[in-house]
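K.L.:
Dropping in final13.cif, with mmCIF, C-alpha atoms and all ligand atoms.
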data_upload
loop_
_atom_site.label_atom_id
_atom_site.label_comp_id
_atom_site.auth_asym_id
_atom_site.auth_seq_id
_atom_site.Cartn_x
_atom_site.Cartn_y
_atom_site.Cartn_z
CA MET A 1 34.72 64.62 232.00
CA GLN A 2 32.08 62.23 230.76
CA ASN A 3 30.97 63.27 227.31
CA VAL A 4 27.26 63.94 227.29
CA MET A 5 25.69 62.94 223.99
CA LEU A 6 23.50 65.71 222.70
CA THR A 7 20.21 65.11 220.98
CA TYR A 8 19.86 66.08 217.34
CA GLU A 9 17.67 69.03 218.32
CA ASP A 10 20.06 70.33 220.98
CA ALA A 11 23.05 69.89 218.68
CA ARG A 12 21.33 71.75 215.86
CA ALA A 13 20.32 74.52 218.26
CA LEU A 14 23.98 74.85 219.30
CA VAL A 15 25.12 75.01 215.68
CA PHE A 16 22.54 77.62 214.72
CA GLY A 17 23.33 79.57 217.88
CA HIS A 18 26.95 79.91 216.74
CA VAL A 19 26.18 80.84 213.16
CA LYS A 20 25.56 84.47 212.27
CA PRO A 21 24.93 85.75 208.75
CA LEU A 22 28.12 87.04 207.13
CA GLU A 23 28.84 90.66 206.21
CA LYS A 24 26.63 92.59 203.84
CA GLU A 25 27.87 93.81 200.49
CA ASN A 26 26.55 95.02 197.16
CA ARG A 27 26.97 92.72 194.19
CA PRO A 28 26.32 93.28 190.48
CA LEU A 29 22.91 91.91 189.55
CA ALA A 30 24.32 89.45 187.00
CA GLU A 31 26.47 87.86 189.72
CA SER A 32 23.80 87.71 192.39
CA GLN A 33 22.14 84.38 191.71
CA GLY A 34 22.46 82.03 194.66
CA LEU A 35 23.16 84.83 197.14
CA ALA A 36 20.68 85.90 199.81
CA LEU A 37 19.31 89.42 200.04
CA SER A 38 20.49 91.33 203.08
CA GLU A 39 17.62 93.85 202.97
CA ASP A 40 13.93 93.88 202.12
CA ILE A 41 13.48 95.01 198.53
CA LEU A 42 10.70 97.63 198.30
CA ALA A 43 9.22 98.77 195.01
CA PRO A 44 10.75 102.22 194.31
CA HIS A 45 7.83 102.93 191.95
CA GLY A 46 4.74 101.21 190.64
CA MET A 47 4.84 98.51 187.98
CA PRO A 48 3.88 98.73 185.12
CA LEU A 49 5.58 102.09 184.72
CA PHE A 50 2.76 103.47 182.50
CA ASP A 51 -0.63 102.41 181.16
CA ASN A 52 0.02 100.18 178.15
CA SER A 53 -1.57 97.66 175.87
CA ALA A 54 -1.58 93.94 176.70
CA VAL A 55 -2.17 92.92 173.08
CA ASP A 56 -1.57 93.91 169.48
CA GLY A 57 -4.77 95.70 168.54
CA TYR A 58 -6.67 98.97 168.48
CA ALA A 59 -7.01 101.47 171.30
CA VAL A 60 -10.58 102.70 171.62
CA GLN A 61 -13.10 104.25 173.95
CA ALA A 62 -15.23 101.30 175.06
CA ALA A 63 -18.32 103.54 175.12
CA ASP A 64 -18.09 103.87 171.31
CA LEU A 65 -18.63 100.12 170.93
CA THR A 66 -21.54 99.53 173.32
CA GLU A 67 -23.94 98.87 170.46
CA ALA A 68 -21.52 96.98 168.20
CA THR A 69 -22.68 93.55 166.98
CA ARG A 70 -21.91 91.43 163.92
CA LYS A 71 -25.12 92.68 162.28
CA ASN A 72 -24.78 96.21 163.51
CA SER A 73 -21.03 96.90 163.34
CA VAL A 74 -19.40 100.19 164.37
CA ARG A 75 -16.81 102.02 162.29
CA LEU A 76 -14.12 104.17 163.93
CA GLU A 77 -11.71 106.49 162.22
CA LYS A 78 -8.19 105.04 162.18
CA LEU A 79 -5.44 107.41 163.36
CA GLY A 80 -1.81 106.28 163.57
CA TYR A 81 0.19 103.37 164.98
CA ILE A 82 1.85 103.38 168.38
CA SER A 83 4.64 100.85 168.63
CA ALA A 84 6.48 99.63 171.73
CA GLY A 85 9.01 102.25 172.77
CA ASP A 86 6.97 105.22 171.46
CA THR A 87 6.51 108.06 173.89
CA GLY A 88 2.74 107.77 174.23
CA ASP A 89 1.75 111.41 173.97
CA GLU A 90 -0.69 110.75 171.12
CA LYS A 91 -4.26 111.85 171.63
CA MET A 92 -7.49 110.38 170.33
CA GLY A 93 -11.16 110.92 171.03
CA SER A 94 -14.60 109.44 170.60
CA GLY A 95 -15.17 108.02 167.13
CA GLN A 96 -11.50 107.33 166.68
CA CYS A 97 -9.07 104.48 167.27
CA MET A 98 -5.32 103.94 167.06
CA GLN A 99 -3.40 100.82 166.20
CA ILE A 100 -1.24 99.80 169.12
CA ALA A 101 1.43 97.17 169.82
CA THR A 102 1.78 95.01 172.94
CA GLY A 103 3.60 97.06 175.57
CA ALA A 104 3.07 100.37 173.77
CA PRO A 105 1.74 103.30 175.85
CA LEU A 106 -2.01 103.81 175.72
CA PRO A 107 -2.83 107.06 173.88
CA LEU A 108 -4.58 109.82 175.80
CA GLY A 109 -8.35 109.47 175.46
CA ALA A 110 -8.34 105.67 175.05
CA ASP A 111 -9.49 103.36 177.81
CA THR A 112 -9.61 99.92 176.15
CA VAL A 113 -7.81 97.86 173.51
CA VAL A 114 -9.56 95.55 171.02
CA MET A 115 -7.48 92.61 169.80
CA LYS A 116 -6.31 92.78 166.21
CA GLU A 117 -7.93 89.38 165.59
CA ASP A 118 -11.38 90.87 166.38
CA ILE A 119 -11.54 93.74 163.88
CA GLU A 120 -12.04 94.25 160.19
CA LEU A 121 -9.78 96.71 158.46
CA GLU A 122 -11.01 99.23 155.93
CA GLU A 123 -9.12 101.97 154.08
CA SER A 124 -9.01 104.63 156.79
CA TYR A 125 -11.48 103.02 159.19
CA VAL A 126 -11.64 100.04 161.45
CA ARG A 127 -14.83 98.04 161.80
CA PHE A 128 -15.80 96.55 165.16
CA THR A 129 -18.39 93.77 165.45
CA GLN A 130 -18.65 93.36 169.22
CA SER A 131 -18.80 95.44 172.37
CA ILE A 132 -15.99 95.29 174.91
CA ARG A 133 -15.67 95.80 178.66
CA GLU A 134 -13.97 99.09 179.50
CA THR A 135 -10.28 98.62 180.51
CA GLU A 136 -10.06 95.28 178.69
CA ASN A 137 -6.51 94.53 177.44
CA VAL A 138 -5.00 97.51 179.24
CA ARG A 139 -2.26 97.08 181.81
CA TYR A 140 -2.53 99.93 184.25
CA GLN A 141 0.34 101.76 185.89
CA GLY A 142 1.09 100.21 189.29
CA GLU A 143 -1.50 97.40 189.05
CA ASP A 144 1.09 94.60 189.18
CA ILE A 145 3.27 95.98 191.97
CA PRO A 146 2.26 99.16 193.82
CA GLU A 147 4.97 101.62 194.86
CA GLY A 148 6.41 100.85 198.30
CA ARG A 149 5.40 97.20 198.46
CA THR A 150 7.94 94.76 199.94
CA MET A 151 8.55 92.69 196.85
CA ILE A 152 11.27 90.39 198.16
CA PRO A 153 11.96 89.96 201.86
CA SER A 154 15.48 90.01 203.26
CA GLY A 155 16.99 86.52 203.40
CA THR A 156 15.46 85.34 200.14
CA VAL A 157 17.92 83.50 197.95
CA ILE A 158 18.16 85.18 194.56
CA GLY A 159 17.00 83.09 191.61
CA PRO A 160 15.71 83.93 188.14
CA ALA A 161 12.36 85.32 189.39
CA GLN A 162 14.06 87.66 191.84
CA ILE A 163 16.55 88.71 189.16
CA ALA A 164 13.65 89.62 186.83
CA VAL A 165 12.10 91.84 189.50
CA LEU A 166 15.41 93.42 190.52
CA ALA A 167 16.30 94.16 186.90
CA SER A 168 12.86 95.65 186.20
CA PHE A 169 13.31 98.12 189.03
CA GLY A 170 16.84 99.12 188.11
CA PHE A 171 18.82 97.33 190.79
CA ALA A 172 22.12 97.12 188.92
CA HIS A 173 23.66 96.18 192.26
CA VAL A 174 21.87 94.24 194.96
CA PRO A 175 22.38 94.14 198.72
CA VAL A 176 23.39 90.63 199.73
CA HIS A 177 25.41 88.75 202.31
CA ARG A 178 28.81 87.62 201.16
CA LEU A 179 29.19 83.91 200.53
CA PRO A 180 31.01 81.71 203.02
CA LYS A 181 34.47 80.45 202.07
CA ILE A 182 34.76 76.73 202.70
CA SER A 183 37.75 74.44 203.10
CA ILE A 184 37.59 70.66 202.99
CA VAL A 185 40.23 68.28 204.32
CA SER A 186 39.90 64.53 204.00
CA THR A 187 42.10 62.64 206.41
CA GLY A 188 43.21 59.03 206.32
CA SER A 189 46.38 57.11 205.48
CA GLU A 190 44.33 54.53 203.60
CA LEU A 191 43.17 57.08 201.03
CA VAL A 192 44.42 57.32 197.46
CA ASP A 193 43.48 59.93 194.90
CA VAL A 194 40.90 59.28 192.18
CA GLU A 195 43.61 58.69 189.57
CA GLY A 196 45.45 56.25 191.81
CA LYS A 197 45.09 52.49 192.04
CA PRO A 198 44.43 51.33 195.61
CA LYS A 199 47.13 48.95 196.89
CA ALA A 200 46.30 46.34 199.51
CA GLY A 201 44.30 47.95 202.32
CA GLN A 202 43.81 51.25 200.51
CA ILE A 203 40.63 52.84 199.16
CA ARG A 204 39.98 55.68 196.76
CA GLU A 205 39.09 58.90 198.48
CA SER A 206 35.59 60.19 197.76
CA ASN A 207 34.42 62.40 200.61
CA ARG A 208 36.18 65.57 199.57
CA PHE A 209 34.60 65.46 196.14
CA MET A 210 31.21 64.58 197.60
CA LEU A 211 31.37 67.39 200.15
CA ALA A 212 32.64 69.83 197.53
CA GLY A 213 29.62 68.95 195.43
CA MET A 214 27.29 69.64 198.31
CA VAL A 215 29.02 72.95 199.02
CA LYS A 216 28.62 73.92 195.37
CA GLN A 217 24.91 73.18 195.55
CA GLU A 218 24.78 76.09 198.00
CA SER A 219 26.85 78.34 195.69
CA CYS A 220 29.46 78.70 198.46
CA GLU A 221 33.08 79.36 197.61
CA LEU A 222 35.58 76.50 197.96
CA VAL A 223 38.94 77.92 198.95
CA LYS A 224 40.79 74.71 199.70
CA ILE A 225 40.27 71.02 199.17
CA SER A 226 42.85 68.48 200.23
CA MET A 227 43.60 64.90 201.21
CA VAL A 228 46.06 64.22 204.01
CA PRO A 229 47.44 61.03 205.62
CA ASP A 230 47.13 60.43 209.36
CA ILE A 231 50.50 61.98 210.18
CA PRO A 232 50.14 64.66 212.87
CA ASP A 233 52.66 67.15 211.46
CA VAL A 234 51.23 66.90 207.98
CA LEU A 235 47.69 67.17 209.29
CA LYS A 236 48.59 70.19 211.37
CA ASP A 237 50.07 72.13 208.45
CA ASP A 238 47.06 71.37 206.34
CA PHE A 239 44.57 72.24 209.09
CA GLU A 240 46.29 75.58 209.68
CA GLU A 241 45.61 76.58 206.11
CA ALA A 242 42.10 75.13 206.19
CA LEU A 243 41.24 77.09 209.31
CA GLN A 244 41.58 80.37 207.40
CA ALA A 245 38.17 79.73 205.82
CA ASP A 246 34.77 80.65 207.26
CA VAL A 247 33.89 76.98 207.55
CA THR A 248 36.29 74.04 207.68
CA LEU A 249 34.99 70.58 206.96
CA VAL A 250 37.26 67.79 208.15
CA SER A 251 36.47 64.26 207.08
CA GLY A 252 37.70 61.31 209.11
CA GLY A 253 39.62 60.91 212.35
CA MET A 254 36.74 62.05 214.56
CA SER A 255 36.25 58.83 216.47
CA VAL A 256 38.26 57.05 219.14
CA GLY A 257 40.76 55.11 217.04
CA ASP A 258 44.46 55.35 217.93
CA LYS A 259 45.11 57.18 214.68
CA ASP A 260 42.07 59.44 214.87
CA TYR A 261 44.33 62.46 215.24
CA ALA A 262 42.10 65.01 213.60
CA LYS A 263 39.93 65.97 216.56
CA PRO A 264 42.68 66.19 219.22
CA LEU A 265 44.89 68.10 216.78
CA LEU A 266 42.19 70.62 215.98
CA LYS A 267 41.71 71.22 219.70
CA GLU A 268 45.44 71.55 220.20
CA MET A 269 45.42 74.17 217.45
CA GLY A 270 42.91 76.28 219.33
CA VAL A 271 39.62 74.99 218.02
CA GLU A 272 37.17 75.18 220.89
CA GLU A 273 34.97 72.09 221.12
CA ILE A 274 31.31 73.05 221.18
CA PHE A 275 30.17 69.47 221.05
CA TRP A 276 31.34 66.04 220.04
CA LYS A 277 29.11 63.01 219.58
CA ILE A 278 25.39 63.18 219.14
CA LYS A 279 22.53 60.73 219.62
CA PHE A 280 22.17 60.36 215.91
CA LYS A 281 22.56 57.73 213.23
CA PRO A 282 24.46 57.68 210.94
CA GLY A 283 27.30 59.81 212.25
CA LYS A 284 27.48 59.68 216.03
CA PRO A 285 31.01 61.18 216.27
CA LEU A 286 30.07 64.55 214.76
CA PHE A 287 32.36 67.26 216.08
CA PHE A 288 31.47 70.94 216.03
CA GLY A 289 33.89 73.61 217.10
CA ARG A 290 35.09 77.13 216.53
CA ARG A 291 38.34 79.02 216.30
CA GLY A 292 37.84 82.76 216.10
CA LYS A 293 35.27 83.23 213.39
CA THR A 294 35.97 79.88 211.75
CA LEU A 295 33.41 77.15 212.29
CA VAL A 296 34.68 73.58 212.18
CA PHE A 297 32.64 70.50 211.41
CA GLY A 298 34.41 67.20 212.00
CA LEU A 299 32.61 64.58 209.98
CA PRO A 300 33.25 60.88 210.41
CA GLY A 301 34.91 59.37 207.35
CA ASN A 302 32.17 56.93 206.49
CA PRO A 303 30.63 58.42 203.36
CA ALA A 304 26.97 57.93 204.29
CA SER A 305 27.58 59.49 207.70
CA SER A 306 29.28 62.51 206.15
CA TYR A 307 26.51 62.85 203.62
CA VAL A 308 23.64 62.72 206.10
CA LEU A 309 25.41 64.96 208.61
CA PHE A 310 26.04 67.49 205.86
CA GLU A 311 22.34 67.49 205.03
CA GLU A 312 21.17 67.89 208.61
CA PHE A 313 23.88 70.13 210.08
CA VAL A 314 26.25 71.65 207.55
CA ARG A 315 23.83 72.65 204.79
CA PRO A 316 21.49 74.59 207.10
CA ALA A 317 24.51 76.18 208.82
CA LEU A 318 25.89 77.33 205.44
CA ARG A 319 22.50 78.77 204.57
CA LYS A 320 22.37 80.65 207.83
CA LEU A 321 25.84 82.09 207.17
CA MET A 322 24.61 83.14 203.75
CA GLY A 323 21.81 85.02 205.47
CA ARG A 324 19.13 82.79 204.00
CA ARG A 325 15.66 82.76 205.51
CA ILE A 326 14.88 79.16 204.60
CA LEU A 327 17.56 76.88 205.96
CA GLU A 328 16.41 73.56 204.63
CA GLU A 329 13.95 71.60 202.60
CA ALA A 330 10.84 71.09 204.73
CA LEU A 331 10.08 67.58 205.97
CA VAL A 332 7.14 66.02 204.17
CA LYS A 333 4.74 63.39 205.45
CA ALA A 334 4.88 60.11 203.55
CA THR A 335 3.37 56.64 203.83
CA LEU A 336 5.76 53.75 204.45
CA ASP A 337 5.75 51.15 201.69
CA VAL A 338 8.11 48.82 203.52
CA ALA A 339 8.04 48.22 207.29
CA ILE A 340 10.85 49.50 209.51
CA THR A 341 11.49 46.65 211.88
CA LYS A 342 14.84 47.63 213.35
CA THR A 343 14.96 50.85 215.34
CA HIS A 344 17.70 52.27 217.54
CA LYS A 345 18.42 54.13 220.74
CA ARG A 346 19.50 57.05 218.59
CA LEU A 347 17.42 59.12 216.20
CA HIS A 348 17.97 57.58 212.77
CA PHE A 349 17.80 59.37 209.44
CA MET A 350 17.38 56.40 207.12
CA ARG A 351 18.17 56.64 203.44
CA GLY A 352 15.09 55.94 201.38
CA GLN A 353 13.27 56.30 198.12
CA LEU A 354 10.52 58.86 198.02
CA SER A 355 7.95 58.81 195.25
CA GLU A 356 4.81 60.72 194.53
CA LYS A 357 1.58 59.34 193.09
CA ASN A 358 -1.63 61.32 192.67
CA GLY A 359 -0.26 64.02 194.95
CA GLU A 360 0.63 61.64 197.79
CA PHE A 361 4.11 60.77 198.99
CA ARG A 362 5.20 57.20 199.58
CA VAL A 363 8.59 56.15 200.90
CA ARG A 364 10.63 53.00 201.00
CA PRO A 365 13.65 52.67 203.30
CA LEU A 366 16.66 51.09 201.62
CA GLY A 367 17.64 47.66 202.87
CA PHE A 368 21.30 48.47 203.43
CA GLN A 369 21.75 51.32 205.91
CA ASP A 370 25.38 50.91 206.97
CA SER A 371 27.28 54.14 207.35
CA HIS A 372 30.05 53.07 204.95
CA SER A 373 27.53 52.43 202.18
CA ILE A 374 27.99 54.50 199.05
CA GLY A 375 25.54 52.28 197.19
CA SER A 376 22.75 53.67 199.35
CA LEU A 377 23.73 57.24 198.47
CA VAL A 378 23.05 56.92 194.76
CA GLU A 379 19.84 55.03 195.47
CA SER A 380 18.28 57.43 197.96
CA ASN A 381 16.44 60.66 197.34
CA ALA A 382 15.19 61.19 200.86
CA LEU A 383 15.95 60.71 204.53
CA ILE A 384 13.31 59.10 206.74
CA ARG A 385 13.23 60.38 210.29
CA VAL A 386 12.89 57.45 212.70
CA GLU A 387 12.74 58.52 216.34
CA ALA A 388 15.04 57.11 219.03
CA ASP A 389 13.51 54.01 220.62
CA SER A 390 10.70 54.09 218.10
CA PRO A 391 8.44 51.03 218.01
CA GLU A 392 8.47 49.06 214.78
CA LEU A 393 6.78 50.94 211.99
CA PRO A 394 4.45 48.76 209.90
CA VAL A 395 3.62 49.34 206.23
CA GLY A 396 1.19 52.24 205.99
CA SER A 397 2.73 54.21 208.88
CA LYS A 398 3.08 57.95 208.35
CA VAL A 399 6.68 59.13 208.58
CA LEU A 400 8.48 62.44 208.18
CA VAL A 401 10.88 62.59 205.28
CA ARG A 402 13.52 65.07 204.16
CA PRO A 403 13.66 65.22 200.34
CA LEU A 404 17.21 65.26 198.96
CA GLN A 405 18.57 66.89 195.82
CA ASN A 406 19.44 63.57 194.26
CA GLU A 407 18.05 62.05 191.14
CA ILE A 408 17.50 58.32 191.34
CA ALA A 409 16.60 55.77 188.70
P1 LIG B 501 37.37 57.38 210.08
O1 LIG B 501 36.21 58.29 210.38
O2 LIG B 501 38.60 58.12 209.72
O3 LIG B 501 37.56 56.41 211.19
O4 LIG B 501 36.94 56.55 208.81
C1 LIG B 501 35.79 55.73 208.86
C2 LIG B 501 35.66 54.93 207.59
O5 LIG B 501 35.47 55.76 206.49
C3 LIG B 501 36.87 54.07 207.24
O6 LIG B 501 36.42 52.86 206.69
C4 LIG B 501 37.59 54.90 206.21
O7 LIG B 501 38.38 54.14 205.36
C5 LIG B 501 36.47 55.55 205.48
N1 LIG B 501 36.88 56.85 204.97
C6 LIG B 501 37.49 57.79 205.69
N2 LIG B 501 37.73 58.88 204.96
C7 LIG B 501 37.23 58.63 203.75
C8 LIG B 501 37.16 59.40 202.56
N3 LIG B 501 37.65 60.63 202.52
N4 LIG B 501 36.59 58.85 201.47
C9 LIG B 501 36.08 57.60 201.55
N5 LIG B 501 36.11 56.84 202.65
C10 LIG B 501 36.67 57.33 203.73
MG MG B 502 40.52 57.67 209.50
#
Output the file's structure as structure tokens, nothing else.

P.N.:
Amino acid sequence: MQNVMLTYEDARALVFGHVKPLEKENRPLAESQGLALSEDILAPHGMPLFDNSAVDGYAVQAADLTEATRKNSVRLEKLGYISAGDTGDEKMGSGQCMQIATGAPLPLGADTVVMKEDIELEESYVRFTQSIRETENVRYQGEDIPEGRTMIPSGTVIGPAQIAVLASFGFAHVPVHRLPKISIVSTGSELVDVEGKPKAGQIRESNRFMLAGMVKQESCELVKISMVPDIPDVLKDDFEEALQADVTLVSGGMSVGDKDYAKPLLKEMGVEEIFWKIKFKPGKPLFFGRRGKTLVFGLPGNPASSYVLFEEFVRPALRKLMGRRILEEALVKATLDVAITKTHKRLHFMRGQLSEKNGEFRVRPLGFQDSHSIGSLVESNALIRVEADSPELPVGSKVLVRPLQNEIA
């Protein structure tokens, strides 16, 4: 059968169609960062919990101070001191005030707090030299978050802000989706380990470390990472173990070379091919398949291809498995600083340098775009989307750009 090359959009739709969020579970709050919520989080009660002071100062009735000026100051009887953590059942009335700490409960009868910096202290009185708006410096029960409000929607990835809210409302455990388990296998007889010295014709292996780094950016769990020569029996044993994960990433051996065993072997081992080859650059020979619940991405060995394909296919798929609502960094519109004169029959995600000046994005495609280029990886912080059969794009053209998590000089 003639292999029909899918477009980027169709291929992504197929990937997302096969990815379902993983099982739900409850995790301790302190271990929840990076996981996605599996349920909407509703406020079980209002926040703040009780009326309290926003400043260190004196609780008063604002009406007592209506006439207060520097010339015509008002004196109020000083009662006690309410510190943070006190129960807040003190009472005061007109003509009186109470010292109060930030976060301490407002005493009954008070409606306003005057900042400590604005008063003059006398023996058993406090002198006020200005009027104040009623309710000033009071944080009212429920004014920040009303009871029942959806505070965090399902699918939100938990970060420090979400942890603060969850902790405040007593979520010692949080409902999340479990994280995907990932295995990575780099294939190729030319590969030597990072400690090794390449002999003639050999290269140091880098993809498994690169892909592991990208997987870690998503907080996913790496269960296996290996490097295997192009020897079918050895590959097979390694693949069998790798296929126990939720997602298996195979690097290399996806093309049509005589020793590109990886793809045919995976199929022989029961991995159903969902697609192979896409109208995309870099990384035409992308393979996507499934065995049982395990998803398999076959990434061509060229580092830049693997990198870009991970960004555009694997990362959003991992996020969908995690149950995340937002699957990728949104494309931004940027102005081309350097013309793009060579375009292709395939959609091209070019490595480029994105910068921002006065709130506007500018982007410069890198000169060297070959798929084996690792130099371009450390130099790029964005991918420029250049359509298939696009006309030349002169300086000043507006292009869509995917920002990358990569710091460049
Ligand atoms: P392949 O996809 O196996 O045909 O490999 C394509 C190119 O990428 C070849 O030049 C390989 O030497 C190189 N390559 C393959 N795997 C790796 C890897 N894990 N790390 C670095 N380069 C690789
Ligand atoms: Mg190879």

K.L.:
Throw together the list of residues within 9 Å of ligand MG 502 (chain B), counting all atoms listed in the file, and drop it here as a VMD selection string.

P.N.:
chain A and resid 186 to 191 229 to 230 251 to 255 257 259 to 262 300 to 302

K.L.:
For stretch 158-172 of chain A, list every protein, DNA or RNA residue within 7 Å, evaluated using all atoms listed in the file, and leave out those in the same chain fewer than 3 positions away; present the list as a ChimeraX atom specification.

P.N.:
/A:28-29,32-36

K.L.:
Take the selection from the previous step and output its residues with C-alpha atoms, as a PDB file, in the coordinates of the input.

P.N.:
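Contents of the output file result19.pdb:
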ATOM      1  CA  PRO A  28      26.320  93.280 190.480  1.00  0.00           C
ATOM      2  CA  LEU A  29      22.910  91.910 189.550  1.00  0.00           C
ATOM      3  CA  SER A  32      23.800  87.710 192.390  1.00  0.00           C
ATOM      4  CA  GLN A  33      22.140  84.380 191.710  1.00  0.00           C
ATOM      5  CA  GLY A  34      22.460  82.030 194.660  1.00  0.00           C
ATOM      6  CA  LEU A  35      23.160  84.830 197.140  1.00  0.00           C
ATOM      7  CA  ALA A  36      20.680  85.900 199.810  1.00  0.00           C
TER       8      ALA A  36
END

K.L.:
I want to know what sits within 10 Å of A:Leu22, based on only C-alpha atoms, with residues of the same chain fewer than 4 positions away left out; could you give that as a ChimeraX atom specification?

P.N.:
/A:38,176-180,246,320-323

K.L.:
For a test of reading the model, state the distance in Å between atom CA of A:Val192 and atom CA of A:Gly270, rounded to one decimal.

P.N.:
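Computing it gives 29.0 Å between the two atoms.
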
K.L.:
Which value, in Å to one decimal, gives the distance between atom CA of A:Leu318 and atom CA of A:Asp193?

P.N.:
26.9 Å

K.L.:
With distances taken over all atoms listed in the file, which residue among A:Gly352, A:Pro303, A:Pro48, A:Pro146 lies nearest ligand LIG 501 (chain B)?

P.N.:
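For ligand LIG 501 (chain B), the nearest of the given residues is A:Pro303.
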
K.L.:
Contacts of A:Ala43 at 6 Å or less, counting only C-alpha atoms, minus same-chain residues fewer than 3 places along, as a ChimeraX atom specification?

P.N.:
/A:147-149

K.L.:
Export C-alpha atoms of the chosen residues as a PDB file, in the coordinates of the input?

P.N.:
ATOM      1  CA  GLU A 147       4.970 101.620 194.860  1.00  0.00           C
ATOM      2  CA  GLY A 148       6.410 100.850 198.300  1.00  0.00           C
ATOM      3  CA  ARG A 149       5.400  97.200 198.460  1.00  0.00           C
TER       4      ARG A 149
END
